[in-house]
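Note: the block below is structure-v8.txt and it holds compact mmCIF, C-alpha atoms.
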# COMPACT_ATOMS: atom_id res chain seq x y z
CA MET J 1 -6.28 -13.43 22.66
CA LYS J 2 -5.33 -16.58 20.75
CA ASN J 3 -8.67 -18.22 21.51
CA LYS J 4 -10.47 -15.48 19.56
CA LYS J 5 -12.38 -16.48 16.43
CA VAL J 6 -10.51 -14.93 13.49
CA ALA J 7 -11.93 -14.51 9.98
CA VAL J 8 -9.21 -13.91 7.39
CA LEU J 9 -10.71 -11.96 4.48
CA TYR J 10 -8.94 -12.59 1.19
CA GLY J 11 -9.48 -12.87 -2.56
CA GLY J 12 -12.23 -10.36 -3.15
CA LEU J 13 -13.42 -8.60 -6.28
CA SER J 14 -10.55 -6.27 -7.24
CA ALA J 15 -7.86 -6.38 -9.90
CA GLU J 16 -5.49 -7.44 -7.11
CA ARG J 17 -7.41 -10.64 -6.32
CA GLU J 18 -4.50 -13.01 -7.00
CA VAL J 19 -2.15 -11.05 -4.74
CA SER J 20 -4.83 -11.02 -2.04
CA LEU J 21 -5.29 -14.80 -2.22
CA ARG J 22 -1.59 -15.25 -1.52
CA SER J 23 -1.56 -12.72 1.32
CA GLY J 24 -4.60 -14.23 3.01
CA ALA J 25 -3.36 -17.81 2.79
CA ALA J 26 0.02 -16.80 4.23
CA ALA J 27 -1.59 -14.76 7.03
CA ALA J 28 -3.92 -17.62 8.01
CA LYS J 29 -1.02 -20.08 8.12
CA ALA J 30 1.05 -17.66 10.23
CA LEU J 31 -1.83 -17.07 12.67
CA GLN J 32 -2.15 -20.82 13.17
CA GLU J 33 1.61 -21.11 13.68
CA ALA J 34 1.32 -18.32 16.27
CA GLY J 35 -1.19 -20.39 18.23
CA PHE J 36 -4.56 -19.03 17.12
CA THR J 37 -6.95 -21.97 17.39
CA ASP J 38 -9.96 -20.74 15.37
CA VAL J 39 -8.98 -19.26 12.00
CA THR J 40 -11.33 -19.26 9.00
CA LEU J 41 -10.47 -18.11 5.49
CA ILE J 42 -13.29 -16.26 3.72
CA ASP J 43 -13.12 -15.38 0.02
CA ALA J 44 -14.84 -11.99 0.19
CA GLY J 45 -17.57 -11.96 -2.43
CA HIS J 46 -21.00 -10.33 -2.52
CA ASP J 47 -22.21 -12.73 0.19
CA LEU J 48 -19.59 -11.54 2.71
CA PRO J 49 -22.05 -9.88 5.16
CA ALA J 50 -24.16 -13.05 5.34
CA ARG J 51 -21.09 -15.22 5.90
CA LEU J 52 -19.86 -12.98 8.69
CA LEU J 53 -23.28 -12.97 10.37
CA GLU J 54 -23.21 -16.76 10.28
CA LEU J 55 -19.60 -17.13 11.49
CA LYS J 56 -19.74 -14.35 14.13
CA PRO J 57 -15.96 -13.75 14.26
CA ASP J 58 -14.36 -11.82 17.13
CA VAL J 59 -12.04 -10.05 14.69
CA CYS J 60 -11.36 -9.89 10.94
CA PHE J 61 -7.87 -10.05 9.51
CA ASN J 62 -8.09 -7.99 6.32
CA SER J 63 -5.97 -9.34 3.45
CA LEU J 64 -8.05 -7.72 0.72
CA HIS J 65 -5.92 -5.59 -1.59
CA GLY J 66 -7.31 -2.96 -3.93
CA THR J 67 -10.90 -1.89 -4.53
CA PHE J 68 -13.46 -2.85 -1.87
CA GLY J 69 -10.80 -4.17 0.51
CA GLU J 70 -8.36 -1.31 0.77
CA ASP J 71 -10.50 1.70 -0.04
CA GLY J 72 -12.55 1.91 3.17
CA ARG J 73 -15.64 0.05 2.03
CA ILE J 74 -14.95 -3.25 3.83
CA GLN J 75 -13.74 -1.28 6.86
CA GLY J 76 -16.97 0.75 6.92
CA MET J 77 -19.12 -2.37 6.66
CA LEU J 78 -17.26 -4.02 9.53
CA GLU J 79 -17.54 -0.86 11.64
CA LEU J 80 -21.34 -0.92 11.12
CA MET J 81 -21.40 -4.61 12.06
CA GLY J 82 -19.31 -3.98 15.17
CA ILE J 83 -16.53 -6.38 14.14
CA PRO J 84 -12.95 -5.24 14.86
CA CYS J 85 -10.64 -5.32 11.84
CA THR J 86 -6.89 -5.15 11.35
CA GLY J 87 -5.34 -2.02 9.87
CA SER J 88 -6.62 1.51 9.43
CA ASP J 89 -10.25 2.60 9.83
CA SER J 90 -12.66 3.35 6.99
CA GLN J 91 -11.94 7.08 6.75
CA SER J 92 -8.15 6.89 6.64
CA SER J 93 -8.29 3.88 4.30
CA THR J 94 -10.46 5.84 1.86
CA ILE J 95 -8.10 8.82 1.89
CA ALA J 96 -4.91 6.75 1.59
CA PHE J 97 -6.31 4.70 -1.29
CA ASP J 98 -7.07 7.86 -3.28
CA LYS J 99 -3.79 9.36 -4.50
CA LEU J 100 -5.42 12.75 -5.17
CA LEU J 101 -7.03 13.00 -1.72
CA SER J 102 -3.77 11.89 -0.10
CA LYS J 103 -1.85 14.66 -1.80
CA VAL J 104 -4.34 17.28 -0.62
CA ILE J 105 -3.92 16.10 2.99
CA PHE J 106 -0.13 15.87 2.61
CA ALA J 107 -0.01 19.50 1.47
CA LEU J 108 -2.13 20.64 4.42
CA ASN J 109 0.30 18.91 6.78
CA ASN J 110 3.53 20.08 5.08
CA VAL J 111 4.40 16.55 3.94
CA PRO J 112 6.57 16.85 0.80
CA THR J 113 4.93 15.21 -2.22
CA PRO J 114 5.75 15.66 -5.93
CA GLU J 115 3.98 18.35 -7.94
CA TYR J 116 0.89 16.99 -9.65
CA VAL J 117 -2.02 17.89 -11.93
CA GLN J 118 -5.40 16.19 -12.12
CA LEU J 119 -6.02 15.18 -15.73
CA THR J 120 -9.05 15.12 -17.98
CA ARG J 121 -9.17 12.99 -21.11
CA GLU J 122 -8.31 16.15 -23.09
CA THR J 123 -5.44 17.43 -20.91
CA GLY J 124 -2.01 17.64 -22.51
CA ALA J 125 1.19 16.85 -20.65
CA PRO J 126 1.62 19.45 -17.87
CA PHE J 127 5.31 18.59 -17.58
CA LEU J 128 7.71 15.90 -18.77
CA PRO J 129 8.86 13.47 -17.64
CA CYS J 130 5.87 12.59 -15.51
CA VAL J 131 4.25 9.61 -13.84
CA ILE J 132 0.62 8.99 -14.81
CA LYS J 133 -1.50 7.31 -12.16
CA PRO J 134 -5.09 6.21 -11.75
CA CYS J 135 -6.07 7.74 -8.40
CA ARG J 136 -7.71 4.64 -6.95
CA GLN J 137 -5.71 1.54 -7.83
CA GLY J 138 -2.95 -0.38 -6.08
CA SER J 139 -0.06 -2.68 -7.05
CA THR J 140 1.13 -0.05 -9.57
CA ILE J 141 -1.78 -1.07 -11.83
CA GLY J 142 -2.26 1.42 -14.67
CA ILE J 143 0.82 3.50 -13.75
CA THR J 144 3.24 4.58 -16.47
CA VAL J 145 6.19 6.96 -16.87
CA ALA J 146 5.96 9.34 -19.82
CA LYS J 147 9.01 11.06 -21.27
CA THR J 148 7.39 12.24 -24.50
CA GLU J 149 3.99 13.62 -25.56
CA GLU J 150 3.28 10.32 -27.35
CA GLU J 151 4.04 8.30 -24.20
CA PHE J 152 1.90 10.72 -22.18
CA GLU J 153 -1.14 10.20 -24.40
CA LYS J 154 -0.72 6.43 -24.33
CA GLY J 155 -0.25 6.37 -20.54
CA LYS J 156 -3.19 8.70 -19.96
CA LYS J 157 -5.46 6.47 -22.02
CA GLU J 158 -4.36 3.40 -20.05
CA ALA J 159 -4.85 5.11 -16.69
CA PHE J 160 -8.40 6.17 -17.59
CA GLU J 161 -9.22 2.52 -18.25
CA TYR J 162 -8.81 1.91 -14.51
CA ASP J 163 -10.28 5.06 -12.99
CA GLU J 164 -12.19 8.23 -13.86
CA ARG J 165 -9.76 10.23 -11.72
CA VAL J 166 -6.19 10.36 -13.00
CA ILE J 167 -3.18 12.48 -12.04
CA ALA J 168 0.13 13.31 -13.67
CA GLU J 169 2.91 13.60 -11.10
CA ARG J 170 6.29 15.21 -11.75
CA PHE J 171 8.91 12.46 -12.11
CA ILE J 172 11.48 12.49 -9.30
CA ASN J 173 14.89 11.08 -10.14
CA GLY J 174 16.26 9.36 -7.08
CA LYS J 175 16.09 6.32 -4.86
CA GLU J 176 12.75 4.58 -4.54
CA LEU J 177 12.32 3.68 -0.89
CA THR J 178 9.61 1.97 1.10
CA ILE J 179 9.22 2.34 4.84
CA GLY J 180 7.10 -0.05 6.88
CA ILE J 181 5.29 1.04 10.02
CA LEU J 182 4.05 -1.31 12.74
CA SER J 183 2.24 -0.16 15.89
CA SER J 184 3.58 3.42 15.47
CA LYS J 185 7.17 2.17 15.12
CA VAL J 186 9.12 2.83 11.93
CA LEU J 187 10.80 -0.25 10.48
CA PRO J 188 14.08 -0.33 8.52
CA ILE J 189 14.07 1.37 5.12
CA ILE J 190 14.09 -0.84 2.02
CA TRP J 191 15.63 0.43 -1.22
CA ILE J 192 13.65 -0.79 -4.25
CA ARG J 193 15.87 -1.33 -7.28
CA PRO J 194 13.91 -2.54 -10.35
CA LYS J 195 16.15 -3.87 -13.10
CA SER J 196 13.88 -2.30 -15.74
CA GLY J 197 14.36 1.14 -14.17
CA PHE J 198 10.68 1.53 -13.25
CA TYR J 199 8.80 -0.29 -10.52
CA ASP J 200 5.69 -1.37 -12.43
CA TYR J 201 3.42 -4.40 -11.99
CA GLN J 202 5.83 -6.71 -13.83
CA SER J 203 8.80 -5.52 -11.77
CA LYS J 204 6.81 -5.99 -8.57
CA TYR J 205 5.53 -9.51 -9.20
CA THR J 206 8.11 -11.10 -11.50
CA LYS J 207 10.67 -13.12 -9.56
CA GLY J 208 14.15 -11.62 -9.86
CA ALA J 209 12.96 -8.46 -11.66
CA THR J 210 13.66 -6.19 -8.68
CA GLU J 211 16.24 -6.05 -5.91
CA TYR J 212 15.13 -5.11 -2.38
CA VAL J 213 18.05 -4.06 -0.21
CA PHE J 214 18.47 -2.69 3.31
CA GLU J 215 21.89 -1.21 2.50
CA THR J 216 20.56 2.14 1.30
CA GLU J 217 23.96 3.95 1.10
CA MET J 218 22.51 6.86 3.08
CA THR J 219 23.83 8.64 6.15
CA GLU J 220 22.29 8.35 9.62
CA ASP J 221 20.87 11.87 9.23
CA GLU J 222 19.24 10.93 5.92
CA ASP J 223 17.85 7.75 7.47
CA ARG J 224 16.30 9.73 10.33
CA LEU J 225 14.86 12.35 7.96
CA ILE J 226 13.21 9.75 5.74
CA LYS J 227 11.78 7.75 8.65
CA SER J 228 10.46 10.91 10.28
CA THR J 229 8.81 11.99 7.02
CA ALA J 230 7.26 8.54 6.56
CA LEU J 231 5.73 8.58 10.04
CA GLN J 232 4.51 12.17 9.55
CA ALA J 233 2.79 11.15 6.30
CA PHE J 234 1.25 8.04 7.90
CA GLU J 235 -0.12 10.00 10.83
CA SER J 236 -1.34 12.90 8.67
CA LEU J 237 -3.89 10.59 7.01
CA GLY J 238 -4.97 9.13 10.36
CA CYS J 239 -3.60 5.69 9.50
CA ALA J 240 -3.21 3.16 12.29
CA SER J 241 -1.51 -0.11 13.25
CA TYR J 242 0.51 -0.86 10.15
CA GLY J 243 1.22 0.19 6.60
CA ARG J 244 3.94 1.12 4.14
CA VAL J 245 5.00 4.56 2.96
CA ASP J 246 6.56 4.88 -0.51
CA ILE J 247 9.10 7.67 -0.96
CA MET J 248 11.36 8.97 -3.73
CA TYR J 249 14.53 10.49 -2.30
CA ASP J 250 16.49 12.82 -4.57
CA GLY J 251 19.33 13.38 -2.10
CA LYS J 252 17.67 16.41 -0.50
CA THR J 253 13.93 15.86 -0.04
CA PRO J 254 12.00 12.68 0.79
CA TRP J 255 9.08 13.01 -1.62
CA VAL J 256 6.12 10.97 -0.36
CA LEU J 257 4.38 9.16 -3.21
CA GLU J 258 1.65 7.27 -1.38
CA ILE J 259 0.69 5.20 1.65
CA ASN J 260 -0.28 1.57 1.32
CA THR J 261 -2.58 0.69 4.24
CA LEU J 262 -2.77 -2.98 3.24
CA PRO J 263 0.65 -3.99 1.90
CA GLY J 264 1.35 -7.53 0.74
CA LEU J 265 1.57 -10.05 3.56
CA THR J 266 3.37 -13.09 2.33
CA GLU J 267 6.59 -13.94 4.13
CA THR J 268 8.59 -12.48 1.23
CA SER J 269 6.56 -9.24 1.04
CA LEU J 270 8.30 -6.00 1.97
CA LEU J 271 6.58 -5.25 5.30
CA PRO J 272 7.31 -8.74 6.71
CA GLN J 273 10.90 -8.45 5.43
CA ALA J 274 11.34 -5.13 7.24
CA ALA J 275 9.81 -6.57 10.42
CA ALA J 276 12.08 -9.61 10.20
CA LYS J 277 15.08 -7.28 9.98
CA THR J 278 14.20 -6.07 13.51
CA GLY J 279 13.70 -9.62 14.80
CA ILE J 280 9.89 -9.80 14.40
CA SER J 281 8.89 -13.14 12.83
CA PHE J 282 5.94 -13.42 10.46
CA PRO J 283 3.72 -15.13 13.09
CA GLU J 284 4.68 -12.39 15.57
CA LEU J 285 3.84 -9.75 12.97
CA VAL J 286 0.30 -11.00 12.29
CA THR J 287 -0.23 -11.45 16.04
CA ALA J 288 0.66 -7.77 16.59
CA MET J 289 -1.85 -6.78 13.91
CA ILE J 290 -4.63 -8.73 15.63
CA GLY J 291 -3.59 -7.24 18.97
CA ASP J 292 -3.86 -3.70 17.56
CA ALA J 293 -7.33 -4.46 16.14
CA LEU J 294 -8.61 -5.72 19.48
CA ARG J 295 -7.38 -2.73 21.51
Now that the file is in, can you turn its structure into structure tokens?
Amino acid sequence: MKNKKVAVLYGGLSAEREVSLRSGAAAAKALQEAGFTDVTLIDAGHDLPARLLELKPDVCFNSLHGTFGEDGRIQGMLELMGIPCTGSDSQSSTIAFDKLLSKVIFALNNVPTPEYVQLTRETGAPFLPCVIKPCRQGSTIGITVAKTEEEFEKGKKEAFEYDERVIAERFINGKELTIGILSSKVLPIIWIRPKSGFYDYQSKYTKGATEYVFETEMTEDEDRLIKSTALQAFESLGCASYGRVDIMYDGKTPWVLEINTLPGLTETSLLPQAAAKTGISFPELVTAMIGDALR
């Protein structure tokens, strides 16, 4: 397997380009450390199909976060070209990237998810407090918490700057948890503790702004319930190989917020941290992802 020609797709055209550049560079370095002898980084622009036709890779390692890379479009293109790719396929990627579509599928499969309303530009607050989300963005871009009508209107306006589909989701007071999945195995739960009280873009990408801890202060039964719910949610959307499930736990119900099919992949990102907790090194992690893609 390690003699396969690997194209690492990174950068791209989305609002998450900078995050993607870091993920791709880290993944390429880890693949080389794992013994892969032919690894090429490709900044995925409009000329990507031509570059892939020229390179003729055996497999693509997808490090493209956000629009075009995470929403099923790159996956669909690679499926048409007959090039295996890491992560979920085009259909499940499209569904998981769209928070509204995800919630519809969750409901059909009895996966608990917070009450929500799709908004128009004229819609008033359906309930307060609420979380306002553009349906098709990642990295918490455009997401706000509204506790008042004024905050709702401001948050709604911001969300519509990023997407024409926006939802308001009932705010759940509890522990924000993220659960990594690798090759159908559930990794240790990470408790996300932003010092600001809300896990927004600044909390996610500002050093020291958020604590990530494995000591969740939950019982074994709670741990099993949350992991089981995470895997159920992941499988309900048809996701494969790896991903991360975000959950709010109020002490009774694990409320599934969303599934990230292409989580950050630097050595300090949450999925690699969770894998490391089980003894899987970063080079071993990216090797497993390539292995899944080639099966």
* Closest of J:Arg17, J:Arg22, J:Lys29, J:Arg244 to J:Val286 - atom-to-atom distances counting all atoms listed in the file -> J:Lys29
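Between atom CA of J:Phe61 and atom CA of J:Met289 there is a distance of 8.1 Å.
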Would you give me, as a Markdown table, each residue of stretch 66-169 of chain J having an atom within 9 Å of an atom of stretch 261-283 of chain J, along with its shortest atom pair and that distance in Å to one decimal, using all atoms listed in the file and sorting by chain and residue number?
| residue | atom | partner | partner_atom | distance |
| --- | --- | --- | --- | --- |
| J:Gly66 | CA | J:Leu262 | CA | 8.5 |
| J:Gly69 | CA | J:Leu262 | CA | 8.6 |
| J:Glu70 | CA | J:Leu262 | CA | 6.3 |
| J:Gly87 | CA | J:Thr261 | CA | 6.8 |
| J:Ser88 | CA | J:Thr261 | CA | 6.6 |
| J:Ser92 | CA | J:Thr261 | CA | 8.7 |
| J:Ser93 | CA | J:Thr261 | CA | 6.5 |
| J:Ala96 | CA | J:Thr261 | CA | 7.0 |
| J:Phe97 | CA | J:Thr261 | CA | 7.8 |
* Do you have the atom CA of J:Glu16-atom CA of J:Gln137 distance handy? -> 9.0 Å
* Asked: Using all atoms listed in the file, which residues sit within 6 Å of J:Val245 once same-chain residues fewer than 3 positions away are excluded, as a ChimeraX atom specification?
  -> /J:178-179,230,259
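Nearest residue to J:Asp43, choosing from J:Pro134, J:Gly11, J:Gly124, J:Gly72 and counting only C-alpha atoms: J:Gly11.
Here atom CA of J:Leu182 and atom CA of J:Met1 stand 18.8 Å from one another.
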* To do: May I have the residues within 6 Å of stretch 107-123 of chain J as an NGL selection string, using only C-alpha atoms and disregarding those fewer than 5 positions away in the same chain?
  => :J and (166-170 or 255-256)
Using all atoms of stretch 89-95 of chain J that appear in the file, construct an axis-aligned enclosing box with 4 Å of padding on every side and provide its centre coordinates and edge lengths in Å, rounded to one decimal, as AutoDock Vina command-line options.
--center_x -10.4 --center_y 5.7 --center_z 5.8 --size_x 12.6 --size_y 14.2 --size_z 16.0
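Each of J:Ser241, J:Thr287, J:Thr229, J:Ser236 was compared to J:Ile105 using all atoms listed in the file, and J:Ser236 turns out to be the nearest.
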